[in-house]
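What follows is a set of notes on a single structure, which appears directly below.
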2 protein chains.
Amino acid sequence: MTSDPRNSPQQERSRETRSRILESTVTCLATKGWQSTTTSAVAAHCGISRGALQHHFPTREGLFLTALEQMFDEQAAANATSAALADGTDRFDLIVEQVLGYYASDLFKAALQIWTAAAAEPALRENILPLEEKFARRMYDNAVLVLGADTSDERTRRLIQTTLDLARGLGLADVLSDDSARRRKIAHFWAEELRSIKTAHPTTEQG
Amino acid sequence: MTSDPRNSPQQERSRETRSRILESTVTCLATKGWQSTTTSAVAAHCGISRGALQHHFPTREGLFLTALEQMFDEQAAANATSAALADGTDRFDLIVEQVLGYYASDLFKAALQIWTAAAAEPALRENILPLEEKFARRMYDNAVLVLGADTSDERTRRLIQTTLDLARGLGLADVLSDDSARRRKIAHFWAEELRSIKTAHPTTEQG
């Protein structure tokens, strides 16, 4: 939100509006669902006119795809930052918290609405798959890096992949009811299971 | 499909129609998605008139809920039967195959469409939650029974719960693209992990 001297106040304002539209899109999808998240509903949530929204995003599908991509990028960057800053935190707890946290977020709930609609719309699916694969790959690579995992070991690779699949399943369970108490227990359990991976180099945090 | 002497041919036909409608509902939801699965679309898929469908199911929501409930019952019964008949099959492979198989089925894909719509419709959510909880409980109890699991052991309970959550996550991954090759690898890996549960009584199939 700090201004960049290279940009005019108008460019700055335009970028802020764009960013607020993308956030509103995710919130609307997560809370109102696919059908009710029209461009008008997003504009209303954002406090701008439908015309102003369409100036930034001419189509609903383009808006949704950009929102997902931008939020995925922000989430991946936030994961990397929190991993870099979390010197005192147990690595296994940190990764389980990051992965389960993402799948319990509005971003996942928004992505779920788009995926589910895309299941019956091949054209939309083609556009979403690469975004989803790129994001899953970044989550996996981040976990490997933070855990210092030895990926030449097959069981280690599977345990890390399973962390992502398990978290996706827990995220889906959380869509219908608040599943957070159960999720905390599973997170604790899973962080302990993950400790049995092979590491490529000694991790300083482990005893 | 065999006729019951207590019923007239007309009653028999009516029950068959009802059953075909429920199957068509699941197929339509899984392949066409929530929005396109109107009562007219289900009637057309089933080869009957919309009026004939509404004679059996006056409302779309009632149709969806009955379809889910009936299919959940059939799936749970099929799991119990295949477990009872599978004398020579490894118990761990069997349970992983059953649970992952369900979450890769049209029934799960149909349920996903309803859940995702229900995320934004509290009234629908209230009606679906008890169905979903009952089915999840039956899947868990079936796994405990087949594995002869000692549920007084916390890690054993968590490993079995995790099997269901993991399978749900794999099912969701399969909605956008054919994830079956990866799923087979995870299934094999997970059946091995599950072997570390505590059993309440010696299992005859294990070495």
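Ordering of the structure tokens sets the chain letters (A, B, ...), residue numbers begin anew at 1 in every chain, and ligands are numbered from 1 in the order given.
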
Find the residues in chain A near chain B: any atom within 9 Å counts, using only C-alpha atoms. Write them as a JSON list (two decimals) with C-alpha atoms, in the first residue's frame.
[["chain", "number", "residue", "atom", "x", "y", "z"],
["A", 29, "LEU", "CA", -16.99, -17.23, -4.09],
["A", 30, "ALA", "CA", -16.17, -18.65, -0.65],
["A", 31, "THR", "CA", -19.28, -17.29, 1.04],
["A", 32, "LYS", "CA", -21.96, -16.94, -1.66],
["A", 33, "GLY", "CA", -20.94, -19.80, -3.96],
["A", 34, "TRP", "CA", -20.47, -20.07, -7.71],
["A", 35, "GLN", "CA", -23.96, -19.21, -8.92],
["A", 36, "SER", "CA", -24.38, -16.06, -6.81],
["A", 109, "LYS", "CA", -13.23, -22.49, -0.49],
["A", 112, "LEU", "CA", -13.45, -25.38, -4.61],
["A", 113, "GLN", "CA", -16.40, -23.46, -6.05],
["A", 115, "TRP", "CA", -13.23, -26.56, -9.48],
["A", 116, "THR", "CA", -16.68, -27.96, -8.90],
["A", 117, "ALA", "CA", -18.17, -25.80, -11.65],
["A", 118, "ALA", "CA", -15.20, -26.69, -13.87],
["A", 119, "ALA", "CA", -15.91, -30.41, -13.41],
["A", 120, "ALA", "CA", -18.82, -29.92, -15.82],
["A", 121, "GLU", "CA", -17.17, -27.25, -18.01],
["A", 125, "ARG", "CA", -11.14, -26.93, -16.52],
["A", 126, "GLU", "CA", -8.38, -26.55, -19.14],
["A", 128, "ILE", "CA", -7.68, -24.02, -14.17],
["A", 129, "LEU", "CA", -5.59, -27.18, -14.27],
["A", 155, "ARG", "CA", 8.30, -43.17, 1.33],
["A", 158, "ARG", "CA", 4.73, -40.15, -0.53],
["A", 159, "LEU", "CA", 4.43, -38.82, 3.01],
["A", 161, "GLN", "CA", 2.34, -35.78, -1.12],
["A", 162, "THR", "CA", -0.04, -37.38, 1.37],
["A", 163, "THR", "CA", 0.18, -34.26, 3.53],
["A", 164, "LEU", "CA", -1.27, -32.24, 0.65],
["A", 165, "ASP", "CA", -3.98, -34.80, -0.20],
["A", 166, "LEU", "CA", -4.94, -35.21, 3.45],
["A", 167, "ALA", "CA", -5.17, -31.43, 3.87],
["A", 168, "ARG", "CA", -7.37, -31.17, 0.77],
["A", 169, "GLY", "CA", -9.69, -33.79, 2.27],
["A", 170, "LEU", "CA", -9.81, -31.95, 5.60],
["A", 171, "GLY", "CA", -10.51, -28.70, 3.76],
["A", 172, "LEU", "CA", -13.47, -30.27, 2.01],
["A", 173, "ALA", "CA", -14.83, -31.58, 5.33],
["A", 175, "VAL", "CA", -16.86, -26.66, 3.88],
["A", 176, "LEU", "CA", -20.09, -28.02, 5.37],
["A", 177, "SER", "CA", -19.39, -27.58, 9.08],
["A", 185, "LYS", "CA", -6.08, -33.23, 16.42],
["A", 186, "ILE", "CA", -5.26, -34.61, 12.98],
["A", 189, "PHE", "CA", -1.05, -36.53, 14.77],
["A", 190, "TRP", "CA", 0.20, -35.90, 11.25]]

>> So that I can check the secondary structure, give me every residue of chain A assigned alpha helix (DSSP H) by backbone DSSP, as a PyMOL selection string.
In response: chain A and resi 9-32+39-46+50-56+60-85+91-103+106-118+122-147+154-176+180-194

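Taking atom CA of His188 of chain A and atom CA of Phe108 of chain B as the two end points, the separation is 27.6 Å.
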
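Note that the spacing between atom CA of Ala43 of chain B and atom CA of Ser24 of chain B amounts to 8.1 Å.
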
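Pairwise distance (atom CA of Phe72 of chain A, atom CA of Met139 of chain A) equals 10.0 Å.
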